[in-house]
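target_23.txt, holding compact mmCIF, C-alpha atoms (C1' of nucleotides):
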# COMPACT_ATOMS: atom_id res chain seq x y z
CA MET A 187 -14.20 -24.34 -31.47
CA ASN A 188 -17.26 -23.68 -29.27
CA GLU A 189 -17.52 -24.37 -25.57
CA SER A 190 -19.00 -27.75 -24.80
CA LEU A 191 -22.44 -27.56 -23.27
CA THR A 192 -21.37 -29.89 -20.50
CA ASP A 193 -18.04 -28.16 -19.88
CA THR A 194 -17.50 -27.63 -16.17
CA ASN A 195 -14.36 -25.56 -16.71
CA PRO A 196 -14.36 -21.77 -16.76
CA PRO A 197 -15.46 -20.42 -20.10
CA THR A 198 -12.56 -19.12 -22.13
CA LEU A 199 -12.16 -15.39 -21.79
CA ALA A 200 -11.70 -13.30 -24.88
CA GLY A 201 -8.08 -12.30 -25.10
CA ALA A 202 -6.88 -14.62 -22.36
CA GLY A 203 -3.34 -15.68 -23.07
CA THR A 204 -2.44 -12.94 -25.51
CA ASP A 205 1.08 -11.61 -25.52
CA GLU A 206 0.08 -8.24 -24.06
CA LEU A 207 -1.60 -9.90 -21.12
CA ARG A 208 1.27 -12.29 -20.59
CA LEU A 209 3.74 -9.41 -20.67
CA TRP A 210 1.75 -7.47 -18.10
CA VAL A 211 1.37 -10.41 -15.76
CA ARG A 212 5.05 -11.28 -15.89
CA LEU A 213 6.12 -7.68 -15.49
CA LEU A 214 4.00 -7.30 -12.40
CA ARG A 215 5.06 -10.65 -11.03
CA CYS A 216 8.78 -9.96 -11.38
CA ALA A 217 8.42 -6.52 -9.85
CA LYS A 218 6.44 -7.93 -6.95
CA VAL A 219 8.95 -10.66 -6.18
CA GLY A 220 11.82 -8.17 -6.24
CA GLU A 221 9.99 -5.65 -4.10
CA LYS A 222 9.15 -8.27 -1.53
CA LEU A 223 12.81 -9.18 -1.22
CA LEU A 224 14.03 -5.60 -1.01
CA ARG A 225 11.38 -4.61 1.51
CA ARG A 226 12.36 -7.44 3.78
CA ASN A 227 16.05 -6.62 3.50
CA PHE A 228 15.59 -2.91 4.13
CA GLU A 229 13.45 -3.69 7.14
CA GLU A 230 15.67 -6.36 8.66
CA GLN A 231 19.06 -4.87 8.00
CA PHE A 232 18.44 -1.13 8.22
CA ASP A 233 15.05 -0.72 9.83
CA THR A 234 13.85 1.35 6.89
CA THR A 235 11.62 0.98 3.83
CA LEU A 236 11.87 1.03 0.07
CA PRO A 237 9.81 4.25 -0.27
CA ARG A 238 12.13 6.07 2.11
CA PHE A 239 15.10 4.81 0.15
CA ASP A 240 13.47 6.09 -3.04
CA VAL A 241 13.05 9.55 -1.56
CA MET A 242 16.67 9.59 -0.44
CA ALA A 243 17.83 8.40 -3.86
CA VAL A 244 16.11 11.28 -5.61
CA LEU A 245 17.40 13.83 -3.11
CA TYR A 246 20.92 12.47 -3.30
CA ARG A 247 21.08 13.60 -6.93
CA GLU A 248 19.93 17.08 -5.94
CA PRO A 249 22.30 18.37 -3.29
CA ASP A 250 20.63 21.80 -3.42
CA GLY A 251 17.32 20.23 -2.54
CA MET A 252 13.95 20.36 -4.23
CA SER A 253 10.32 21.13 -3.50
CA MET A 254 7.83 18.56 -2.24
CA GLY A 255 6.04 18.80 -5.56
CA SER A 256 9.10 17.99 -7.66
CA LEU A 257 9.82 15.14 -5.32
CA SER A 258 6.40 13.60 -5.68
CA ARG A 259 6.51 13.99 -9.46
CA ALA A 260 9.95 12.41 -9.64
CA LEU A 261 8.74 9.45 -7.61
CA LEU A 262 5.41 9.06 -9.40
CA VAL A 263 3.55 9.20 -6.11
CA SER A 264 0.85 11.49 -4.83
CA ASN A 265 1.63 14.78 -3.22
CA GLY A 266 0.21 13.88 0.15
CA ASN A 267 2.19 10.70 0.23
CA VAL A 268 5.53 12.45 0.22
CA THR A 269 4.54 14.49 3.25
CA SER A 270 4.58 11.59 5.66
CA ILE A 271 7.71 9.94 4.29
CA VAL A 272 9.59 13.22 4.47
CA ARG A 273 8.40 13.63 8.03
CA GLN A 274 9.85 10.25 8.98
CA LEU A 275 13.22 11.02 7.44
CA GLN A 276 13.23 14.44 9.06
CA ALA A 277 12.53 12.91 12.46
CA GLN A 278 15.55 10.68 11.95
CA GLY A 279 17.71 13.67 11.10
CA LEU A 280 18.38 12.37 7.59
CA LEU A 281 16.55 15.16 5.82
CA GLN A 282 16.02 18.88 6.33
CA SER A 283 13.22 21.16 5.17
CA ILE A 284 13.92 24.84 4.60
CA PRO A 285 11.29 27.46 3.75
CA HIS A 286 11.52 28.75 0.20
CA PRO A 287 13.00 32.28 0.33
CA GLN A 288 10.63 33.71 -2.31
CA ASP A 289 7.58 31.49 -2.02
CA GLY A 290 5.99 31.19 1.41
CA ARG A 291 3.95 28.15 0.39
CA SER A 292 6.88 26.07 -0.65
CA ALA A 293 9.71 24.34 1.16
CA ILE A 294 13.01 23.01 -0.10
CA VAL A 295 13.89 19.59 1.24
CA SER A 296 17.37 18.09 1.04
CA LEU A 297 19.42 15.36 2.68
CA THR A 298 21.48 16.30 5.68
CA LEU A 299 25.11 15.26 5.83
CA ALA A 300 24.00 12.33 7.95
CA GLY A 301 21.37 11.53 5.33
CA ARG A 302 23.89 11.58 2.52
CA ALA A 303 26.24 9.34 4.45
CA GLN A 304 23.43 6.94 5.29
CA PHE A 305 22.26 6.84 1.70
CA VAL A 306 25.68 5.76 0.48
CA VAL A 307 25.50 2.81 2.84
CA LEU A 308 21.94 1.94 1.83
CA ALA A 309 22.68 2.29 -1.88
CA GLU A 310 25.60 -0.07 -1.64
CA ALA A 311 23.49 -2.72 0.08
CA HIS A 312 20.67 -2.11 -2.38
CA HIS A 313 22.95 -2.67 -5.31
CA ALA A 314 24.31 -5.84 -3.78
CA TRP A 315 20.78 -7.21 -3.31
CA ILE A 316 19.84 -6.40 -6.89
CA SER A 317 23.01 -8.05 -8.16
CA GLU A 318 22.16 -11.13 -6.16
CA ILE A 319 18.61 -11.18 -7.50
CA PHE A 320 19.80 -11.07 -11.10
CA ARG A 321 22.91 -13.14 -10.54
CA GLU A 322 21.76 -16.01 -12.74
CA VAL A 323 20.51 -13.87 -15.59
CA PRO A 324 22.96 -14.03 -18.52
CA ALA A 325 24.54 -10.70 -19.43
CA ASP A 326 23.08 -10.62 -22.93
CA ARG A 327 19.62 -11.36 -21.61
CA LEU A 328 20.07 -8.57 -19.12
CA LYS A 329 20.98 -6.11 -21.84
CA GLN A 330 18.09 -7.23 -23.97
CA LEU A 331 15.65 -6.66 -21.13
CA VAL A 332 17.12 -3.28 -20.25
CA GLU A 333 16.74 -2.26 -23.86
CA GLY A 334 13.22 -3.60 -24.20
CA LEU A 335 11.98 -2.12 -20.96
CA GLY A 336 13.60 1.19 -21.83
CA GLU A 337 11.58 1.30 -25.02
CA LEU A 338 8.49 0.23 -23.14
CA HIS A 339 9.01 2.94 -20.56
CA THR A 340 9.38 5.56 -23.27
CA ILE A 341 6.12 4.47 -24.83
CA LEU A 342 4.35 4.35 -21.49
CA GLY A 343 5.65 7.74 -20.46
CA ALA A 344 4.37 9.40 -23.61
CA MET B 279 39.62 8.98 -11.99
CA ASN B 280 39.24 10.46 -8.49
CA GLU B 281 36.57 12.87 -7.41
CA SER B 282 37.63 16.47 -7.66
CA LEU B 283 38.15 18.09 -4.29
CA THR B 284 35.99 21.00 -5.35
CA ASP B 285 33.28 18.85 -6.90
CA THR B 286 29.86 20.02 -5.82
CA ASN B 287 28.10 17.11 -7.49
CA PRO B 288 27.09 13.92 -5.67
CA PRO B 289 29.99 11.51 -5.41
CA THR B 290 29.67 8.63 -7.79
CA LEU B 291 28.17 5.57 -6.17
CA ALA B 292 29.81 2.23 -6.68
CA GLY B 293 27.74 0.24 -9.13
CA ALA B 294 25.53 3.13 -10.17
CA GLY B 295 24.42 2.67 -13.74
CA THR B 296 25.09 -1.05 -14.02
CA ASP B 297 22.80 -3.16 -16.13
CA GLU B 298 21.28 -4.96 -13.14
CA LEU B 299 20.35 -1.69 -11.53
CA ARG B 300 19.01 -0.25 -14.75
CA LEU B 301 16.92 -3.37 -15.30
CA TRP B 302 15.46 -3.18 -11.83
CA VAL B 303 14.64 0.51 -12.05
CA ARG B 304 12.94 0.14 -15.41
CA LEU B 305 11.06 -2.97 -14.35
CA LEU B 306 9.69 -1.19 -11.32
CA ARG B 307 8.95 1.96 -13.25
CA CYS B 308 6.98 0.20 -15.98
CA ALA B 309 5.02 -1.81 -13.44
CA LYS B 310 4.22 1.31 -11.46
CA VAL B 311 2.98 3.26 -14.46
CA GLY B 312 0.77 0.38 -15.54
CA GLU B 313 -0.59 -0.17 -12.06
CA LYS B 314 -1.43 3.49 -11.68
CA LEU B 315 -3.42 3.39 -14.88
CA LEU B 316 -5.27 0.19 -14.02
CA ARG B 317 -6.07 1.33 -10.50
CA ARG B 318 -7.59 4.52 -11.79
CA ASN B 319 -9.63 2.70 -14.42
CA PHE B 320 -10.92 0.05 -12.01
CA GLU B 321 -11.90 2.76 -9.57
CA GLU B 322 -13.56 5.11 -12.03
CA GLN B 323 -15.32 2.62 -14.23
CA PHE B 324 -16.21 -0.18 -11.86
CA ASP B 325 -15.71 1.18 -8.36
CA THR B 326 -13.34 -1.64 -7.52
CA THR B 327 -9.61 -2.24 -7.09
CA LEU B 328 -6.80 -4.18 -8.70
CA PRO B 329 -6.30 -6.45 -5.66
CA ARG B 330 -9.98 -7.42 -5.72
CA PHE B 331 -9.69 -8.15 -9.41
CA ASP B 332 -6.67 -10.31 -8.72
CA VAL B 333 -8.58 -12.36 -6.17
CA MET B 334 -11.45 -12.82 -8.58
CA ALA B 335 -9.06 -13.81 -11.36
CA VAL B 336 -7.56 -16.58 -9.29
CA LEU B 337 -10.96 -17.83 -8.13
CA TYR B 338 -12.36 -17.73 -11.64
CA ARG B 339 -9.93 -20.49 -12.62
CA GLU B 340 -11.04 -22.58 -9.65
CA PRO B 341 -14.81 -23.00 -9.87
CA ASP B 342 -14.76 -25.44 -6.97
CA GLY B 343 -13.17 -22.84 -4.76
CA MET B 344 -10.03 -22.87 -2.70
CA SER B 345 -8.81 -22.18 0.82
CA MET B 346 -7.70 -18.76 2.01
CA GLY B 347 -4.18 -20.09 2.31
CA SER B 348 -3.98 -21.28 -1.30
CA LEU B 349 -5.42 -17.97 -2.37
CA SER B 350 -2.79 -15.93 -0.54
CA ARG B 351 -0.01 -18.13 -1.87
CA ALA B 352 -1.30 -17.84 -5.42
CA LEU B 353 -1.39 -14.06 -5.11
CA LEU B 354 1.96 -13.72 -3.36
CA VAL B 355 0.37 -11.72 -0.57
CA SER B 356 0.23 -12.29 3.16
CA ASN B 357 -2.39 -14.44 4.76
CA GLY B 358 -4.02 -11.64 6.71
CA ASN B 359 -4.28 -9.52 3.62
CA VAL B 360 -6.63 -11.88 1.86
CA THR B 361 -9.04 -11.79 4.78
CA SER B 362 -10.15 -8.21 4.24
CA ILE B 363 -10.33 -8.39 0.45
CA VAL B 364 -12.43 -11.52 0.61
CA ARG B 365 -14.71 -9.81 3.10
CA GLN B 366 -15.28 -6.92 0.70
CA LEU B 367 -16.14 -9.23 -2.18
CA GLN B 368 -18.38 -11.26 0.07
CA ALA B 369 -20.24 -8.15 1.18
CA GLN B 370 -20.89 -7.37 -2.48
CA GLY B 371 -22.24 -10.85 -3.07
CA LEU B 372 -19.49 -11.66 -5.55
CA LEU B 373 -17.88 -14.34 -3.42
CA GLN B 374 -19.04 -17.04 -1.05
CA SER B 375 -17.26 -18.72 1.80
CA ILE B 376 -18.25 -22.22 2.83
CA PRO B 377 -16.88 -24.08 5.86
CA HIS B 378 -14.58 -26.92 4.97
CA PRO B 379 -16.49 -30.18 5.56
CA GLN B 380 -13.52 -31.98 7.13
CA ASP B 381 -11.45 -29.16 8.58
CA GLY B 382 -13.17 -26.80 10.99
CA ARG B 383 -10.42 -24.20 10.75
CA SER B 384 -10.60 -23.83 7.02
CA ALA B 385 -13.10 -22.33 4.61
CA ILE B 386 -13.52 -22.77 0.89
CA VAL B 387 -14.08 -19.52 -0.95
CA SER B 388 -15.42 -19.32 -4.48
CA LEU B 389 -17.05 -16.82 -6.80
CA THR B 390 -20.82 -16.68 -6.83
CA LEU B 391 -22.65 -16.73 -10.14
CA ALA B 392 -22.86 -12.97 -9.87
CA GLY B 393 -19.14 -12.87 -9.16
CA ARG B 394 -18.33 -14.98 -12.19
CA ALA B 395 -20.51 -12.81 -14.40
CA GLN B 396 -18.95 -9.66 -13.03
CA PHE B 397 -15.45 -11.01 -13.50
CA VAL B 398 -16.06 -11.65 -17.19
CA VAL B 399 -16.98 -7.99 -17.58
CA LEU B 400 -13.99 -6.81 -15.58
CA ALA B 401 -11.58 -9.10 -17.40
CA GLU B 402 -12.72 -7.82 -20.74
CA ALA B 403 -12.16 -4.22 -19.71
CA HIS B 404 -8.85 -5.17 -18.12
CA HIS B 405 -7.65 -6.75 -21.31
CA ALA B 406 -8.70 -3.74 -23.33
CA TRP B 407 -6.74 -1.41 -21.03
CA ILE B 408 -3.64 -3.58 -21.26
CA SER B 409 -3.92 -3.71 -25.03
CA GLU B 410 -4.16 0.06 -25.11
CA ILE B 411 -1.13 0.43 -22.84
CA PHE B 412 1.00 -1.76 -25.09
CA ARG B 413 -0.60 -0.63 -28.33
CA GLU B 414 2.56 0.98 -29.67
CA VAL B 415 4.91 -1.85 -28.73
CA PRO B 416 5.88 -3.84 -31.84
CA ALA B 417 4.78 -7.48 -31.79
CA ASP B 418 8.31 -8.86 -31.96
CA ARG B 419 9.42 -6.64 -29.09
CA LEU B 420 6.44 -7.84 -27.13
CA LYS B 421 7.37 -11.46 -27.71
CA GLN B 422 10.96 -10.78 -26.78
CA LEU B 423 9.93 -9.18 -23.49
CA VAL B 424 7.48 -11.95 -22.67
CA GLU B 425 10.24 -14.46 -23.24
CA GLY B 426 12.83 -12.53 -21.26
CA LEU B 427 10.55 -11.83 -18.34
CA GLY B 428 9.42 -15.44 -18.33
CA GLU B 429 13.01 -16.54 -17.91
CA LEU B 430 13.55 -13.88 -15.29
CA HIS B 431 10.50 -15.01 -13.39
CA THR B 432 11.68 -18.60 -13.43
CA ILE B 433 15.03 -17.55 -12.00
CA LEU B 434 13.42 -15.33 -9.38
CA GLY B 435 10.96 -18.00 -8.36
CA ALA B 436 13.66 -20.57 -7.72
C1' DT C 218 -6.91 -40.14 26.79
C1' DT C 219 -4.43 -36.00 27.72
C1' DT C 220 -0.95 -32.87 26.37
C1' DT C 221 1.72 -30.62 23.01
C1' DT C 222 2.62 -28.91 18.61
C1' DT C 223 1.18 -27.51 14.24
C1' DT C 224 -1.83 -25.36 11.07
C1' DG C 225 -5.56 -22.11 9.06
C1' DC C 226 -7.21 -17.95 9.66
C1' DT C 227 -8.16 -13.37 11.90
C1' DT C 228 -6.77 -9.37 14.35
C1' DT C 229 -3.69 -5.63 15.35
C1' DA C 230 -0.20 -2.08 14.75
C1' DA C 231 2.31 0.38 11.62
C1' DG C 232 3.37 2.10 7.11
C1' DC C 233 2.35 3.13 2.15
C1' DC C 234 -0.86 4.93 -1.26
C1' DT C 235 -4.62 7.69 -3.45
C1' DA C 236 -8.24 11.15 -4.16
C1' DA C 237 -10.57 14.84 -2.24
C1' DA C 238 -11.02 18.55 0.97
C1' DT C 239 -8.55 22.17 3.36
C1' DT C 240 -5.24 25.87 4.34
C1' DA C 241 -2.25 29.37 3.08
C1' DT C 242 0.33 31.93 -0.09
C1' DA C 243 1.02 33.93 -4.77
C1' DG C 244 -0.34 36.30 -8.68
C1' DG C 245 -3.46 38.44 -11.91
C1' DA C 246 -8.06 41.05 -13.19
C1' DG C 247 -10.67 44.59 -12.38
C1' DC D 183 -6.55 47.94 -3.51
C1' DT D 184 -9.81 44.04 -3.67
C1' DC D 185 -11.36 39.88 -5.57
C1' DC D 186 -10.56 35.80 -7.94
C1' DT D 187 -7.97 32.05 -9.39
C1' DA D 188 -4.02 29.11 -9.27
C1' DT D 189 -0.55 26.68 -6.77
C1' DA D 190 2.15 24.22 -2.70
C1' DA D 191 1.52 21.59 0.80
C1' DT D 192 -1.14 19.18 4.52
C1' DT D 193 -4.97 16.68 6.28
C1' DT D 194 -8.54 13.19 5.99
C1' DA D 195 -10.93 8.99 4.78
C1' DG D 196 -10.45 4.72 2.87
C1' DG D 197 -8.00 0.78 1.00
C1' DC D 198 -3.78 -2.26 0.52
C1' DT D 199 0.23 -4.47 2.69
C1' DT D 200 3.16 -6.75 6.07
C1' DA D 201 4.75 -8.97 10.36
C1' DA D 202 3.52 -10.47 14.63
C1' DA D 203 0.27 -11.87 18.03
C1' DG D 204 -3.87 -14.38 19.03
C1' DC D 205 -7.44 -18.01 18.52
C1' DA D 206 -9.39 -22.26 17.46
C1' DA D 207 -9.21 -26.70 15.40
C1' DA D 208 -6.42 -30.59 13.90
C1' DA D 209 -2.73 -33.68 14.37
C1' DA D 210 0.83 -35.79 16.82
C1' DA D 211 2.98 -37.30 21.03
C1' DA D 212 3.00 -38.99 25.37
Can you give me the file's structure in the form of structure tokens?
Amino acid sequence: MNESLTDTNPPTLAGAGTDELRLWVRLLRCAKVGEKLLRRNFEEQFDTTLPRFDVMAVLYREPDGMSMGSLSRALLVSNGNVTSIVRQLQAQGLLQSIPHPQDGRSAIVSLTLAGRAQFVVLAEAHHAWISEIFREVPADRLKQLVEGLGELHTILGA
Amino acid sequence: MNESLTDTNPPTLAGAGTDELRLWVRLLRCAKVGEKLLRRNFEEQFDTTLPRFDVMAVLYREPDGMSMGSLSRALLVSNGNVTSIVRQLQAQGLLQSIPHPQDGRSAIVSLTLAGRAQFVVLAEAHHAWISEIFREVPADRLKQLVEGLGELHTILGA
DNA sequence: TTTTTTTGCTTTAAGCCTAAATTATAGGAG
DNA sequence: CTCCTATAATTTAGGCTTAAAGCAAAAAAA
């Protein structure tokens, strides 16, 4: 029950090995492994990054464009962060920024035609990579995880 | 079946909304939300970071210390990355680096007594935050996710 | 022994990320 | 109209991250 007085091992931490902690560690671990793979693929095959892909993915769903603020909220990243990523995409001609007609502070960013075309290509590759990653996961297990993580996300979002 | 010629909405992407993609998006989303919360807490309450905590967590389990290489492999981060984090912890007196007796290239890093004491405090807070995050998740759902993510991690690791 | 290759780690360049400070515009109170 | 506050975005400082290049020691080869 108690730690031995001559124990040279680390003292047991309160709560170590609980289900919550295990869940968190595994969640983070799986996400990290996947991200590592995607980052490498995006870099090697398209000379781009996951964050840029994320920006394009959000904008693809909004053909009329959106403000920098909405973009950063949709991506769960800080306001200032979006600025530099948008700049990169703009420099590549994949994205355009147009001053808001009513509000002089704001700008509406949207994908260019080239950006939309490029995103379709990227999204296809992205999906193929994800499929490959989860290839060995049984379909019912997949559904179970989707369900469980959906519930988790709802709880976390609230 | 086909896209309308006058459709102003984004064309449907092949594979959009499949279970694999949904799983990946939710996995990443949940991890991101949790990380954001932990980062803020570590910063505000202990003026430290999640990566530093991660290093300490690994070293806590290895009282005899380990090489920089083992450390980076255990954390799934690049070799060069560990260098700067270790330096920070060393500057705070939480970690010590001792030259390897046989191998002049290598060093053995380990937590100092102060580092071990500090880690116990951090780990306790960390666990409390995690518990709070998952407070509303039913115990059986928790177990199911732990199980599913464990399997997923095994598949991803191989 | 001398040379070559490998290995452990650090450094560098580039990008992502945040919080906080700054700038500029918008909108309301007086 | 003027002042004050709120909001949109950028800039700045600091930290994390990687890949690639560099350095020094070890190990292997010649």
Onto chain A, please fit chain B by least squares using all C-alpha atoms in order, then return the transformed chain as a short mmCIF file (atom, residue, chain, number, x, y, z; two decimals) with C-alpha atoms, in the coordinates of the input.
data_model
loop_
_atom_site.label_atom_id
_atom_site.label_comp_id
_atom_site.auth_asym_id
_atom_site.auth_seq_id
_atom_site.Cartn_x
_atom_site.Cartn_y
_atom_site.Cartn_z
CA MET B 279 -14.72 -24.34 -31.41
CA ASN B 280 -17.68 -23.77 -29.07
CA GLU B 281 -17.74 -24.50 -25.38
CA SER B 282 -19.12 -27.90 -24.57
CA LEU B 283 -22.51 -27.75 -22.92
CA THR B 284 -21.30 -30.08 -20.20
CA ASP B 285 -17.99 -28.29 -19.69
CA THR B 286 -17.29 -27.79 -16.02
CA ASN B 287 -14.20 -25.70 -16.68
CA PRO B 288 -14.20 -21.89 -16.74
CA PRO B 289 -15.33 -20.57 -20.10
CA THR B 290 -12.48 -19.25 -22.14
CA LEU B 291 -12.08 -15.51 -21.84
CA ALA B 292 -11.65 -13.44 -24.94
CA GLY B 293 -8.03 -12.40 -25.20
CA ALA B 294 -6.80 -14.69 -22.45
CA GLY B 295 -3.25 -15.73 -23.15
CA THR B 296 -2.36 -12.97 -25.59
CA ASP B 297 1.14 -11.61 -25.60
CA GLU B 298 0.12 -8.24 -24.15
CA LEU B 299 -1.55 -9.91 -21.22
CA ARG B 300 1.33 -12.30 -20.68
CA LEU B 301 3.77 -9.39 -20.75
CA TRP B 302 1.78 -7.46 -18.20
CA VAL B 303 1.38 -10.40 -15.84
CA ARG B 304 5.07 -11.25 -15.95
CA LEU B 305 6.13 -7.64 -15.58
CA LEU B 306 3.99 -7.26 -12.49
CA ARG B 307 5.05 -10.60 -11.11
CA CYS B 308 8.77 -9.92 -11.44
CA ALA B 309 8.40 -6.48 -9.91
CA LYS B 310 6.41 -7.88 -7.02
CA VAL B 311 8.92 -10.61 -6.23
CA GLY B 312 11.78 -8.13 -6.29
CA GLU B 313 9.93 -5.61 -4.17
CA LYS B 314 9.08 -8.22 -1.59
CA LEU B 315 12.72 -9.14 -1.28
CA LEU B 316 13.95 -5.55 -1.05
CA ARG B 317 11.29 -4.57 1.47
CA ARG B 318 12.26 -7.42 3.73
CA ASN B 319 15.96 -6.62 3.46
CA PHE B 320 15.50 -2.89 4.10
CA GLU B 321 13.36 -3.68 7.11
CA GLU B 322 15.56 -6.36 8.63
CA GLN B 323 18.95 -4.88 7.98
CA PHE B 324 18.35 -1.16 8.22
CA ASP B 325 14.94 -0.73 9.80
CA THR B 326 13.76 1.36 6.88
CA THR B 327 11.54 1.03 3.81
CA LEU B 328 11.80 1.08 0.05
CA PRO B 329 9.76 4.29 -0.30
CA ARG B 330 12.10 6.09 2.11
CA PHE B 331 15.05 4.83 0.13
CA ASP B 332 13.45 6.11 -3.04
CA VAL B 333 13.05 9.58 -1.56
CA MET B 334 16.66 9.59 -0.43
CA ALA B 335 17.81 8.40 -3.85
CA VAL B 336 16.13 11.28 -5.59
CA LEU B 337 17.42 13.83 -3.08
CA TYR B 338 20.93 12.43 -3.26
CA ARG B 339 21.14 13.57 -6.88
CA GLU B 340 19.98 17.05 -5.90
CA PRO B 341 22.34 18.34 -3.21
CA ASP B 342 20.70 21.75 -3.34
CA GLY B 343 17.37 20.23 -2.50
CA MET B 344 14.03 20.38 -4.21
CA SER B 345 10.39 21.18 -3.51
CA MET B 346 7.90 18.61 -2.27
CA GLY B 347 6.10 18.88 -5.58
CA SER B 348 9.16 18.06 -7.68
CA LEU B 349 9.88 15.19 -5.34
CA SER B 350 6.43 13.66 -5.74
CA ARG B 351 6.56 14.07 -9.50
CA ALA B 352 9.99 12.46 -9.68
CA LEU B 353 8.75 9.50 -7.66
CA LEU B 354 5.43 9.14 -9.47
CA VAL B 355 3.55 9.28 -6.19
CA SER B 356 0.84 11.60 -4.95
CA ASN B 357 1.61 14.88 -3.33
CA GLY B 358 0.19 13.96 0.06
CA ASN B 359 2.19 10.78 0.12
CA VAL B 360 5.52 12.53 0.17
CA THR B 361 4.51 14.55 3.21
CA SER B 362 4.55 11.62 5.62
CA ILE B 363 7.69 9.99 4.24
CA VAL B 364 9.59 13.24 4.44
CA ARG B 365 8.40 13.67 8.01
CA GLN B 366 9.80 10.26 8.95
CA LEU B 367 13.19 11.02 7.42
CA GLN B 368 13.20 14.42 9.05
CA ALA B 369 12.49 12.90 12.45
CA GLN B 370 15.51 10.66 11.96
CA GLY B 371 17.68 13.63 11.11
CA LEU B 372 18.36 12.33 7.61
CA LEU B 373 16.54 15.14 5.85
CA GLN B 374 16.05 18.85 6.35
CA SER B 375 13.29 21.13 5.20
CA ILE B 376 14.00 24.81 4.67
CA PRO B 377 11.37 27.44 3.84
CA HIS B 378 11.60 28.72 0.31
CA PRO B 379 13.09 32.24 0.45
CA GLN B 380 10.72 33.67 -2.17
CA ASP B 381 7.66 31.46 -1.88
CA GLY B 382 6.04 31.15 1.53
CA ARG B 383 4.00 28.11 0.53
CA SER B 384 6.94 26.05 -0.56
CA ALA B 385 9.80 24.33 1.23
CA ILE B 386 13.08 23.01 -0.06
CA VAL B 387 13.94 19.58 1.27
CA SER B 388 17.40 18.07 1.09
CA LEU B 389 19.44 15.33 2.71
CA THR B 390 21.49 16.24 5.74
CA LEU B 391 25.12 15.19 5.91
CA ALA B 392 23.98 12.26 8.00
CA GLY B 393 21.35 11.49 5.39
CA ARG B 394 23.88 11.54 2.58
CA ALA B 395 26.22 9.28 4.52
CA GLN B 396 23.41 6.90 5.33
CA PHE B 397 22.23 6.82 1.74
CA VAL B 398 25.65 5.73 0.52
CA VAL B 399 25.45 2.76 2.87
CA LEU B 400 21.90 1.92 1.84
CA ALA B 401 22.65 2.26 -1.86
CA GLU B 402 25.56 -0.10 -1.60
CA ALA B 403 23.44 -2.74 0.10
CA HIS B 404 20.63 -2.10 -2.37
CA HIS B 405 22.93 -2.67 -5.29
CA ALA B 406 24.26 -5.86 -3.77
CA TRP B 407 20.73 -7.22 -3.31
CA ILE B 408 19.81 -6.39 -6.90
CA SER B 409 22.97 -8.04 -8.16
CA GLU B 410 22.12 -11.13 -6.17
CA ILE B 411 18.57 -11.18 -7.53
CA PHE B 412 19.78 -11.05 -11.12
CA ARG B 413 22.90 -13.11 -10.53
CA GLU B 414 21.78 -15.98 -12.75
CA VAL B 415 20.53 -13.83 -15.62
CA PRO B 416 23.00 -13.96 -18.52
CA ALA B 417 24.58 -10.61 -19.41
CA ASP B 418 23.16 -10.53 -22.92
CA ARG B 419 19.67 -11.29 -21.64
CA LEU B 420 20.09 -8.51 -19.13
CA LYS B 421 21.04 -6.05 -21.84
CA GLN B 422 18.15 -7.16 -23.99
CA LEU B 423 15.68 -6.61 -21.16
CA VAL B 424 17.14 -3.23 -20.26
CA GLU B 425 16.78 -2.19 -23.87
CA GLY B 426 13.26 -3.55 -24.23
CA LEU B 427 12.01 -2.08 -20.99
CA GLY B 428 13.62 1.23 -21.84
CA GLU B 429 11.63 1.35 -25.05
CA LEU B 430 8.53 0.26 -23.19
CA HIS B 431 9.02 2.97 -20.62
CA THR B 432 9.40 5.60 -23.31
CA ILE B 433 6.14 4.49 -24.90
CA LEU B 434 4.34 4.37 -21.56
CA GLY B 435 5.63 7.76 -20.54
CA ALA B 436 4.35 9.45 -23.67
#
Inset, instruction - Rank C:DG244, C:DT221, C:DA230, C:DA236 by their smallest atom-to-atom distance to D:DT194, using only C-alpha atoms (C1' of nucleotides), and report the top residue only. - result: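 Checking each candidate against D:DT194, we get C:DA236 as the closest.
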Inset, instruction - Pull the neighbourhood of (-7.1, -27.9, 18.0) for me: all residues within 10 Å in file coordinates, counting all atoms listed in the file, as a list in words. - result: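 With a cut-off of 10 Å, the residues come to Gly382 and Arg383 of chain B; DT222, DT223 and DT224 of chain C; DC205, DA206, DA207, DA208 and DA209 of chain D.
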Within 12 Å of chain D, which residues of chain A come that close, and what is the closest atom pair and distance in Å for each? Count all atoms listed in the file and give it as CSV.
residue,atom,partner,partner_atom,distance
A:Lys218,CA,D:DT199,C1',12.0
A:Glu221,CA,D:DT199,C1',11.9
A:Lys222,CA,D:DT200,C1',9.8
A:Arg225,CA,D:DT200,C1',9.6
A:Arg226,CA,D:DT200,C1',9.5
A:Glu229,CA,D:DA201,C1',10.7
A:Glu230,CA,D:DA201,C1',11.4
A:Thr235,CA,D:DT200,C1',11.7
A:Ser253,CA,D:DA190,C1',8.8
A:Met254,CA,D:DA191,C1',7.6
A:Gly255,CA,D:DA190,C1',7.3
A:Ser256,CA,D:DA190,C1',10.6
A:Ser258,CA,D:DA191,C1',11.4
A:Ser264,CA,D:DA191,C1',11.6
A:Asn265,CA,D:DA191,C1',7.9
A:Gly266,CA,D:DT192,C1',7.0
A:Asn267,CA,D:DT192,C1',10.1
A:Val268,CA,D:DA191,C1',10.0
A:Thr269,CA,D:DT192,C1',7.5
A:Ser270,CA,D:DT192,C1',9.6
A:Arg273,CA,D:DT192,C1',11.6
A:Pro285,CA,D:DA190,C1',11.6
A:His286,CA,D:DA190,C1',10.8
A:Asp289,CA,D:DA190,C1',9.1
A:Gly290,CA,D:DA190,C1',9.0
A:Arg291,CA,D:DA190,C1',5.3
A:Ser292,CA,D:DA190,C1',5.5
A:Ala293,CA,D:DA190,C1',8.5
A:Ile294,CA,D:DA190,C1',11.2
